[in-house]
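Student: Compact mmCIF, C-alpha atoms, file work.txt:
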```
# COMPACT_ATOMS: atom_id res chain seq x y z
CA MET A 29 6.28 -15.83 -31.65
CA PRO A 30 2.62 -16.63 -31.06
CA PRO A 31 0.89 -14.29 -28.68
CA VAL A 32 0.63 -15.51 -25.11
CA ALA A 33 -2.92 -16.49 -24.30
CA PRO A 34 -4.56 -14.26 -21.72
CA ARG A 35 -4.67 -15.85 -18.30
CA SER A 36 -7.63 -15.89 -16.01
CA GLY A 37 -7.68 -13.59 -13.01
CA ASP A 38 -7.82 -16.59 -10.68
CA ALA A 39 -4.76 -18.19 -12.24
CA ILE A 40 -2.75 -15.00 -11.95
CA PHE A 41 -3.83 -14.35 -8.38
CA ALA A 42 -2.82 -17.88 -7.47
CA SER A 43 0.63 -17.38 -8.95
CA VAL A 44 1.63 -13.98 -7.54
CA GLU A 45 3.21 -13.30 -4.16
CA ARG A 46 0.42 -12.61 -1.74
CA VAL A 47 0.22 -11.10 1.70
CA ASN A 48 -2.22 -10.98 4.55
CA ALA A 49 -5.11 -8.69 3.54
CA GLU A 50 -5.39 -7.27 7.06
CA LEU A 51 -2.09 -5.49 6.64
CA PHE A 52 -3.34 -3.90 3.43
CA THR A 53 -6.72 -2.95 4.89
CA LEU A 54 -5.33 -1.45 8.08
CA THR A 55 -2.56 0.39 6.26
CA TYR A 56 -5.04 1.98 3.90
CA GLY A 57 -7.27 2.88 6.83
CA ALA A 58 -4.37 4.45 8.70
CA ILE A 59 -3.44 6.49 5.62
CA VAL A 60 -6.98 7.81 5.20
CA ARG A 61 -7.09 8.66 8.87
CA GLN A 62 -3.80 10.52 8.73
CA LEU A 63 -4.90 12.41 5.61
CA LEU A 64 -8.07 13.51 7.40
CA THR A 65 -5.94 14.86 10.24
CA ASP A 66 -3.43 16.59 7.98
CA LEU A 67 -5.68 17.95 5.25
CA GLU A 68 -8.75 18.63 7.41
CA GLU A 69 -11.20 19.05 4.51
CA VAL A 70 -12.98 15.87 3.40
CA GLU A 71 -13.07 17.14 -0.19
CA GLU A 72 -9.31 17.58 -0.16
CA VAL A 73 -8.87 14.04 1.17
CA ASN A 74 -11.03 12.73 -1.68
CA LYS A 75 -8.85 14.62 -4.14
CA GLN A 76 -5.58 13.36 -2.68
CA LEU A 77 -6.74 9.76 -2.50
CA ASP A 78 -7.71 9.99 -6.15
CA GLN A 79 -4.30 11.46 -6.98
CA MET A 80 -2.51 8.69 -5.07
CA GLY A 81 -4.59 6.15 -6.96
CA TYR A 82 -3.78 7.77 -10.26
CA ASN A 83 -0.05 7.61 -9.51
CA ILE A 84 -0.38 3.94 -8.56
CA GLY A 85 -2.51 3.17 -11.63
CA ILE A 86 -0.06 4.56 -14.14
CA ARG A 87 2.59 2.18 -12.75
CA MET A 88 0.35 -0.78 -12.03
CA ILE A 89 -0.75 -1.08 -15.66
CA ASP A 90 2.70 -2.39 -16.59
CA GLU A 91 2.51 -5.17 -14.08
CA PHE A 92 -1.02 -5.90 -15.18
CA LEU A 93 -0.12 -6.19 -18.86
CA ALA A 94 3.00 -8.23 -18.14
CA LYS A 95 1.33 -10.75 -15.85
CA SER A 96 -2.04 -11.06 -17.54
CA GLY A 97 -0.89 -11.56 -21.12
CA VAL A 98 -3.90 -9.49 -22.16
CA SER A 99 -3.22 -8.05 -25.57
CA ARG A 100 -5.02 -5.23 -27.27
CA CYS A 101 -8.61 -4.76 -26.17
CA VAL A 102 -10.74 -4.18 -29.22
CA ASP A 103 -12.93 -1.55 -27.65
CA PHE A 104 -13.94 0.08 -24.41
CA LYS A 105 -16.41 -2.74 -23.75
CA GLY A 106 -13.70 -5.34 -23.79
CA THR A 107 -11.50 -3.15 -21.64
CA ALA A 108 -14.11 -2.77 -18.92
CA GLU A 109 -14.62 -6.53 -18.82
CA VAL A 110 -10.90 -7.11 -18.45
CA ILE A 111 -10.67 -4.66 -15.55
CA ALA A 112 -13.53 -6.33 -13.72
CA LYS A 113 -12.66 -9.96 -14.45
CA VAL A 114 -8.88 -9.92 -14.47
CA GLY A 115 -7.72 -6.67 -12.85
CA PHE A 116 -9.75 -6.83 -9.66
CA LYS A 117 -9.05 -10.51 -9.23
CA MET A 118 -5.33 -10.45 -9.77
CA PHE A 119 -4.60 -7.60 -7.36
CA VAL A 120 -7.12 -7.90 -4.57
CA GLY A 121 -8.60 -11.33 -5.17
CA VAL A 122 -12.19 -10.16 -5.56
CA THR A 123 -14.70 -10.52 -8.36
CA ALA A 124 -16.43 -7.59 -10.01
CA PHE A 125 -18.84 -7.42 -12.91
CA VAL A 126 -19.73 -4.88 -15.56
CA THR A 127 -23.24 -3.59 -16.07
CA ASN A 128 -25.37 -0.52 -16.92
CA TRP A 129 -23.97 0.13 -20.38
CA ASP A 130 -25.24 3.23 -22.10
CA ALA A 131 -26.47 3.07 -25.69
CA ASP A 132 -23.23 4.08 -27.40
CA GLY A 133 -20.99 1.88 -25.28
CA THR A 134 -18.92 4.65 -23.67
CA CYS A 135 -20.21 4.46 -20.12
CA CYS A 136 -20.67 1.52 -17.80
CA SER A 137 -20.55 0.49 -14.18
CA ILE A 138 -18.18 -1.84 -12.41
CA VAL A 139 -20.01 -3.42 -9.49
CA PHE A 140 -18.60 -5.44 -6.57
CA GLU A 141 -19.50 -6.31 -3.03
CA ASP A 142 -16.35 -7.81 -1.60
CA ASN A 143 -13.88 -4.99 -0.98
CA PRO A 144 -10.74 -5.49 1.08
CA LEU A 145 -10.36 -1.74 1.59
CA VAL A 146 -13.41 -1.44 3.80
CA GLU A 147 -13.11 -4.40 6.13
CA PHE A 148 -13.51 -3.10 9.72
CA VAL A 149 -14.48 0.35 8.43
CA GLU A 150 -17.36 2.49 9.58
CA LEU A 151 -17.59 6.16 8.66
CA PRO A 152 -18.31 8.59 11.48
CA ASP A 153 -20.88 11.35 10.88
CA THR A 154 -18.15 13.91 10.33
CA CYS A 155 -16.93 11.99 7.27
CA GLN A 156 -20.14 11.64 5.34
CA GLY A 157 -18.77 13.30 2.23
CA LEU A 158 -15.72 11.05 2.17
CA ASN A 159 -15.27 8.72 -0.77
CA TYR A 160 -13.33 6.28 1.34
CA CYS A 161 -12.29 4.07 -1.57
CA ASN A 162 -11.34 6.94 -3.85
CA ILE A 163 -7.90 5.48 -4.38
CA LEU A 164 -9.55 2.77 -6.45
CA SER A 165 -11.21 5.15 -8.90
CA GLY A 166 -7.86 6.91 -9.29
CA ILE A 167 -6.10 3.62 -10.03
CA ILE A 168 -8.56 2.77 -12.80
CA ARG A 169 -8.34 6.26 -14.28
CA GLY A 170 -4.52 6.20 -14.19
CA ALA A 171 -4.22 2.73 -15.65
CA LEU A 172 -6.62 3.45 -18.50
CA GLU A 173 -4.86 6.67 -19.35
CA MET A 174 -1.71 4.65 -19.98
CA VAL A 175 -3.56 2.62 -22.60
CA SER A 176 -4.84 5.74 -24.34
CA MET A 177 -8.24 6.00 -22.71
CA LYS A 178 -9.14 9.17 -20.92
CA THR A 179 -11.91 8.40 -18.46
CA GLU A 180 -13.96 9.86 -15.66
CA VAL A 181 -14.51 7.47 -12.78
CA THR A 182 -17.12 8.25 -10.13
CA TRP A 183 -18.77 6.41 -7.26
CA THR A 184 -22.47 5.79 -7.70
CA ARG A 185 -22.98 3.29 -4.91
CA ASP A 186 -20.98 2.87 -1.72
CA MET A 187 -21.65 0.26 0.96
CA LEU A 188 -20.11 2.55 3.58
CA ARG A 189 -22.99 4.90 2.88
CA GLY A 190 -25.57 2.18 3.21
CA ASP A 191 -25.83 1.02 -0.41
CA ASP A 192 -26.09 -2.68 -1.24
CA ALA A 193 -22.86 -2.76 -3.31
CA PHE A 194 -19.98 -0.69 -4.57
CA GLU A 195 -20.54 0.77 -8.00
CA LEU A 196 -18.00 2.71 -10.01
CA GLN A 197 -19.20 4.50 -13.07
CA VAL A 198 -16.54 4.57 -15.75
CA LYS A 199 -17.12 7.02 -18.55
CA LEU A 200 -14.90 7.10 -21.60
CA VAL A 201 -14.22 10.75 -22.34
CA LYS A 202 -11.73 10.46 -25.13
CA GLN A 203 -9.69 7.84 -26.84
CA ILE A 204 -6.28 9.39 -27.32
CA PRO A 205 -4.77 8.33 -30.62
CA GLU A 206 -1.43 6.62 -30.23
CA GLU A 207 1.46 8.67 -31.45
CA TYR A 208 3.94 7.38 -33.98
CA PRO A 209 6.77 7.07 -34.00
CA TYR A 210 7.09 6.18 -30.36
CA LYS A 211 9.50 8.52 -28.67
CA ASP A 212 10.92 6.15 -26.12
CA ASP A 213 12.64 2.83 -26.59
CA GLU A 214 10.01 1.06 -28.66
CA MET B 30 -5.00 -18.20 6.63
CA GLY B 31 -7.52 -15.44 6.03
CA LYS B 32 -7.96 -13.30 2.98
CA GLU B 33 -5.01 -12.22 0.93
CA VAL B 34 -4.14 -9.53 -1.57
CA SER B 35 -1.28 -9.44 -4.02
CA GLU B 36 1.94 -8.24 -2.46
CA SER B 37 2.31 -5.60 -5.13
CA CYS B 38 -0.82 -3.86 -3.78
CA VAL B 39 0.86 -3.33 -0.43
CA ASP B 40 4.14 -2.33 -2.09
CA SER B 41 2.41 0.18 -4.36
CA LEU B 42 0.40 1.64 -1.52
CA LEU B 43 3.45 2.09 0.71
CA THR B 44 5.56 3.59 -2.06
CA GLU B 45 2.83 6.04 -2.95
CA MET B 46 2.13 6.92 0.69
CA VAL B 47 5.80 7.75 1.28
CA ALA B 48 6.03 9.68 -2.01
CA SER B 49 2.88 11.69 -1.25
CA TYR B 50 4.11 12.74 2.15
CA CYS B 51 7.68 13.47 1.10
CA ASP B 52 7.12 15.06 -2.30
CA ARG B 53 3.69 16.65 -2.06
CA PHE B 54 2.30 17.29 1.42
CA PHE B 55 5.58 18.04 3.15
CA ALA B 56 8.04 18.65 0.36
CA ASN B 57 11.24 20.12 1.83
CA LYS B 58 10.12 19.28 5.33
CA PRO B 59 11.36 15.70 5.65
CA GLU B 60 11.13 15.66 9.43
CA LEU B 61 7.39 16.45 9.28
CA ALA B 62 6.82 13.85 6.56
CA ALA B 63 8.75 11.31 8.63
CA ARG B 64 6.57 11.92 11.66
CA ARG B 65 3.40 11.33 9.63
CA ILE B 66 4.72 8.13 8.05
CA GLU B 67 5.74 6.85 11.47
CA ALA B 68 2.28 7.72 12.82
CA ILE B 69 0.59 5.73 10.07
CA GLY B 70 2.81 2.75 10.93
CA TYR B 71 2.06 3.19 14.63
CA GLN B 72 -1.67 2.99 13.97
CA VAL B 73 -1.25 -0.17 11.89
CA GLY B 74 1.01 -1.86 14.45
CA HIS B 75 -1.32 -0.98 17.26
CA GLN B 76 -4.32 -2.52 15.53
CA LEU B 77 -2.48 -5.58 14.26
CA SER B 78 -1.07 -6.48 17.65
CA GLU B 79 -4.51 -6.08 19.18
CA ARG B 80 -5.83 -8.60 16.68
CA TYR B 81 -2.95 -11.04 16.95
CA THR B 82 -3.01 -11.16 20.74
CA MET B 83 -6.75 -11.52 21.18
CA GLU B 84 -6.61 -15.10 22.34
CA ARG B 85 -3.37 -15.01 24.24
CA PRO B 86 -2.65 -14.68 27.91
CA ARG B 87 -1.01 -11.42 28.93
CA PHE B 88 2.77 -11.27 28.49
CA THR B 89 4.58 -11.41 31.80
CA ASP B 90 7.71 -9.50 30.84
CA HIS B 91 9.30 -7.40 28.10
CA LEU B 92 11.33 -10.24 26.64
CA GLU B 93 8.23 -12.34 26.16
CA ALA B 94 6.49 -9.50 24.30
CA ILE B 95 9.57 -8.88 22.14
CA LYS B 96 9.72 -12.59 21.29
CA PHE B 97 6.10 -12.40 20.23
CA ILE B 98 7.02 -9.55 17.85
CA CYS B 99 9.97 -11.56 16.47
CA LYS B 100 8.02 -14.73 15.88
CA ASP B 101 4.25 -14.53 15.57
CA PHE B 102 3.84 -10.90 14.65
CA TRP B 103 6.65 -10.87 12.09
CA SER B 104 5.39 -14.11 10.54
CA GLU B 105 1.90 -12.69 10.07
CA VAL B 106 3.17 -9.54 8.42
CA PHE B 107 6.27 -10.76 6.56
CA LYS B 108 5.79 -14.54 6.36
CA LYS B 109 9.08 -15.12 8.15
CA GLN B 110 10.53 -14.64 11.60
CA ILE B 111 13.16 -12.18 12.74
CA ASP B 112 16.55 -13.87 12.18
CA ASN B 113 18.45 -12.58 15.14
CA LEU B 114 17.55 -11.04 18.47
CA LYS B 115 20.06 -9.37 20.75
CA THR B 116 19.60 -7.54 23.99
CA ASN B 117 21.76 -5.76 26.56
CA HIS B 118 19.27 -6.82 29.27
CA ARG B 119 18.78 -3.17 30.13
CA GLY B 120 15.88 -2.38 27.88
CA THR B 121 17.54 -2.30 24.46
CA PHE B 122 16.71 -4.97 21.91
CA VAL B 123 18.08 -5.36 18.38
CA LEU B 124 15.94 -7.32 15.93
CA GLN B 125 17.64 -8.27 12.69
CA ASP B 126 15.83 -9.38 9.56
CA ASN B 127 18.42 -10.67 7.09
CA GLN B 128 16.17 -10.18 4.09
CA PHE B 129 13.76 -7.42 4.95
CA ARG B 130 10.92 -7.68 2.47
CA TRP B 131 10.16 -4.00 2.10
CA LEU B 132 13.76 -3.23 1.18
CA ALA B 133 14.39 -6.24 -1.01
CA ARG B 134 13.09 -4.57 -4.13
CA MET B 135 14.41 -1.13 -3.44
CA SER B 136 17.21 -0.08 -5.74
CA VAL B 137 20.15 1.61 -4.20
CA ASP B 138 22.40 3.99 -6.02
CA PRO B 139 25.31 1.92 -7.41
CA SER B 140 27.91 4.52 -6.45
CA LEU B 141 26.75 4.06 -2.90
CA GLU B 142 27.16 0.31 -3.03
CA ASN B 143 30.66 0.42 -4.47
CA SER B 144 32.11 2.94 -2.11
CA GLY B 145 30.42 1.65 1.01
CA ALA B 146 29.89 4.58 3.30
CA SER B 147 30.90 7.36 0.98
CA GLN B 148 32.82 10.15 2.62
CA ASP B 149 31.64 12.84 0.26
CA PRO B 150 28.66 14.67 1.75
CA SER B 151 28.17 16.69 -1.42
CA ASP B 152 27.15 13.55 -3.28
CA ALA B 153 23.53 14.50 -3.82
CA SER B 154 22.40 11.21 -5.30
CA GLU B 155 23.74 9.35 -2.33
CA SER B 156 21.96 11.45 0.22
CA LYS B 157 18.79 11.18 -1.84
CA ALA B 158 18.93 7.40 -1.99
CA THR B 159 19.71 7.21 1.71
CA GLN B 160 16.90 9.57 2.49
CA ALA B 161 14.41 7.62 0.40
CA THR B 162 15.39 4.42 2.20
CA SER B 163 15.11 5.97 5.61
CA MET B 164 11.72 7.48 4.77
CA HIS B 165 10.44 4.01 3.91
CA LEU B 166 11.77 2.68 7.20
CA TYR B 167 9.73 5.06 9.35
CA PHE B 168 6.72 2.94 8.52
CA PRO B 169 7.95 -0.42 9.91
CA CYS B 170 9.53 1.41 12.87
CA GLY B 171 6.10 2.87 13.58
CA ILE B 172 4.52 -0.57 13.26
CA ILE B 173 6.84 -2.03 15.90
CA ARG B 174 6.37 0.92 18.25
CA GLY B 175 2.59 0.72 17.80
CA ALA B 176 2.52 -3.02 18.40
CA LEU B 177 4.58 -2.78 21.59
CA SER B 178 2.69 0.20 22.86
CA ASN B 179 -0.52 -1.78 22.51
CA LEU B 180 1.11 -4.41 24.72
CA GLY B 181 1.79 -1.75 27.33
CA ILE B 182 5.44 -1.18 26.45
CA PRO B 183 6.32 2.40 25.54
CA CYS B 184 9.50 2.51 23.50
CA ALA B 185 11.48 4.24 20.76
CA VAL B 186 12.31 2.34 17.58
CA SER B 187 14.95 3.12 14.97
CA ALA B 188 16.30 1.21 12.00
CA ASP B 189 19.82 0.45 10.84
CA VAL B 190 20.49 -0.58 7.26
CA SER B 191 24.26 -0.50 7.20
CA ASN B 192 24.35 -3.93 5.58
CA LEU B 193 21.49 -4.18 3.10
CA PRO B 194 19.31 -6.11 2.46
CA ALA B 195 19.58 -6.95 6.14
CA CYS B 196 17.83 -4.50 8.36
CA SER B 197 18.08 -4.11 12.13
CA PHE B 198 15.43 -2.52 14.28
CA VAL B 199 16.65 -1.10 17.56
CA ILE B 200 14.04 -0.97 20.29
CA ARG B 201 14.73 1.13 23.38
CA ILE B 202 12.18 0.55 26.07
CA LYS B 203 11.37 3.62 28.11
CA ALA B 204 12.00 3.10 31.78
```
Kindly transcribe the structure held in the file into structure tokens.
Tutor:
Amino acid sequence: MPPVAPRSGDAIFASVERVNAELFTLTYGAIVRQLLTDLEEVEEVNKQLDQMGYNIGIRMIDEFLAKSGVSRCVDFKGTAEVIAKVGFKMFVGVTAFVTNWDADGTCCSIVFEDNPLVEFVELPDTCQGLNYCNILSGIIRGALEMVSMKTEVTWTRDMLRGDDAFELQVKLVKQIPEEYPYKDDE
Amino acid sequence: MGKEVSESCVDSLLTEMVASYCDRFFANKPELAARRIEAIGYQVGHQLSERYTMERPRFTDHLEAIKFICKDFWSEVFKKQIDNLKTNHRGTFVLQDNQFRWLARMSVDPSLENSGASQDPSDASESKATQATSMHLYFPCGIIRGALSNLGIPCAVSADVSNLPACSFVIRIKA
């Protein structure tokens, strides 16, 4: 069977079931707020949001691969482009782009301005250390780990802290070799 | 219609929120986890109803506010209306959604489905499935309570899922 051609992020977003973004935005906001109450320390909230993202990412990758028809990315460069162009679009309907590559092609930035997580959000002074969107970095880290790429994802720009865009630095730490034979039902 | 996100984003977020509270933050303390999940829903409902009623005149009675929840509010959140509304005219309302979206994709233990209400309380898988379902329902219950409270109606909300995938929300307005 010929491989299915990859679909554009726009085409996929148009074809999936969609819901009102307000519900998503407010739910995320309410979760962050509750975590701040329950965990008290901002650092701990950052950690838990990242963990929640990671757990989501390791499941979301399946849906991503199934719906996008993206086959093997040749290298980390291609992978980053796919996340920005297809991944962001198909789940949250926004466009991101990749920039700031380092010389050996193992570190780049994903930059975007439109971010449904932060609509209506303003951080109070007590939350200055909060990486409000940390769930997103966790999702990317989790999803990439499922396709054998161990990464570190950190925020370098954050509009909630007065920057002009959101910028996630994605650093490839290790490419885990795939193990043969596959243990599960391959 | 304003901005949208894929439905799976909301599903993933809710699943993970419930799992975090039940399995990590308050493992073995389901009643504490439940209270937090309900509180998150309350916050969301409160804010949503504020937004959806911005350009409306004030509701004159409870029934009018409940009808708003059944029609406009439910349509915004779930893209459909509540299918059936019942009331005893003494402050209790039952809202039934015949195909509640947030339960539609939840798998239920097959042994539970076959036997109906199983009589065996030692059936661990059954109680686990039931518990997982009820944990997920604290969120929409909180949403309804938050929405009504924003409209000046203090109430208690519970859910009944005895005939899935239909789900009934029972609202008891506090006198």
Student: Tell me, counting only C-alpha atoms, for each residue of chain B within 6 Å of chain A, which pair of atoms is nearest and how far apart they are in Å to one decimal, in rows ordered by chain and increasing number, as a tab-separated table.
Tutor:
```
residue	atom	partner	partner_atom	distance
B:Lys32	CA	A:Ala49	CA	5.4
B:Glu33	CA	A:Ala49	CA	4.4
B:Val34	CA	A:Val120	CA	4.5
B:Ser35	CA	A:Arg46	CA	4.3
B:Glu36	CA	A:Arg46	CA	4.7
B:Val39	CA	A:Phe52	CA	5.7
B:Ile69	CA	A:Ala58	CA	5.3
B:Val73	CA	A:Leu54	CA	5.7
```
Student: Take the point (-11.9, -9.4, -12.1) as written in the file and pick out every residue within 8 Å of it, counting all atoms listed in the file; give the list as a ChimeraX atom specification.
Tutor: /A:37,109-118,121-125
Student: Can you list, as a list of chain:residue names, every protein, DNA or RNA residue that comes within 9 Å of B:Leu43 when you count all atoms listed in the file, leaving out same-chain residues fewer than 3 positions away?
Tutor: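 Returned residues: A:Thr55, B:Cys38, B:Val39, B:Asp40, B:Met46, B:Val47, B:Ala48, B:His165, B:Phe168.
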Student: Looking at A:Asp38, A:Asp103, A:Glu72, A:Asp78, which one is nearest to A:Met177, with distances taken over all atoms listed in the file?
Tutor: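 Comparing A:Asp38, A:Asp103, A:Glu72, A:Asp78 against A:Met177, the winner is A:Asp103.
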Student: Find, counting all atoms listed in the file, the residue in B:Arg64, B:Arg53, B:Arg85, B:His91 that gets nearest to B:Ser178.
Tutor: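 Checking each candidate against B:Ser178, we get B:His91 as the closest.
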Student: Which residue out of A:Leu188, A:Cys136, A:Ile86, A:Val181 has the minimum interatomic distance to A:Gly157 when all atoms listed in the file are used?
Tutor: A:Leu188
Student: By how many Å are atom CA of B:Lys115 and atom CA of B:Ser197 apart?
Tutor: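 Distance reported for this atom pair: 10.3 Å.
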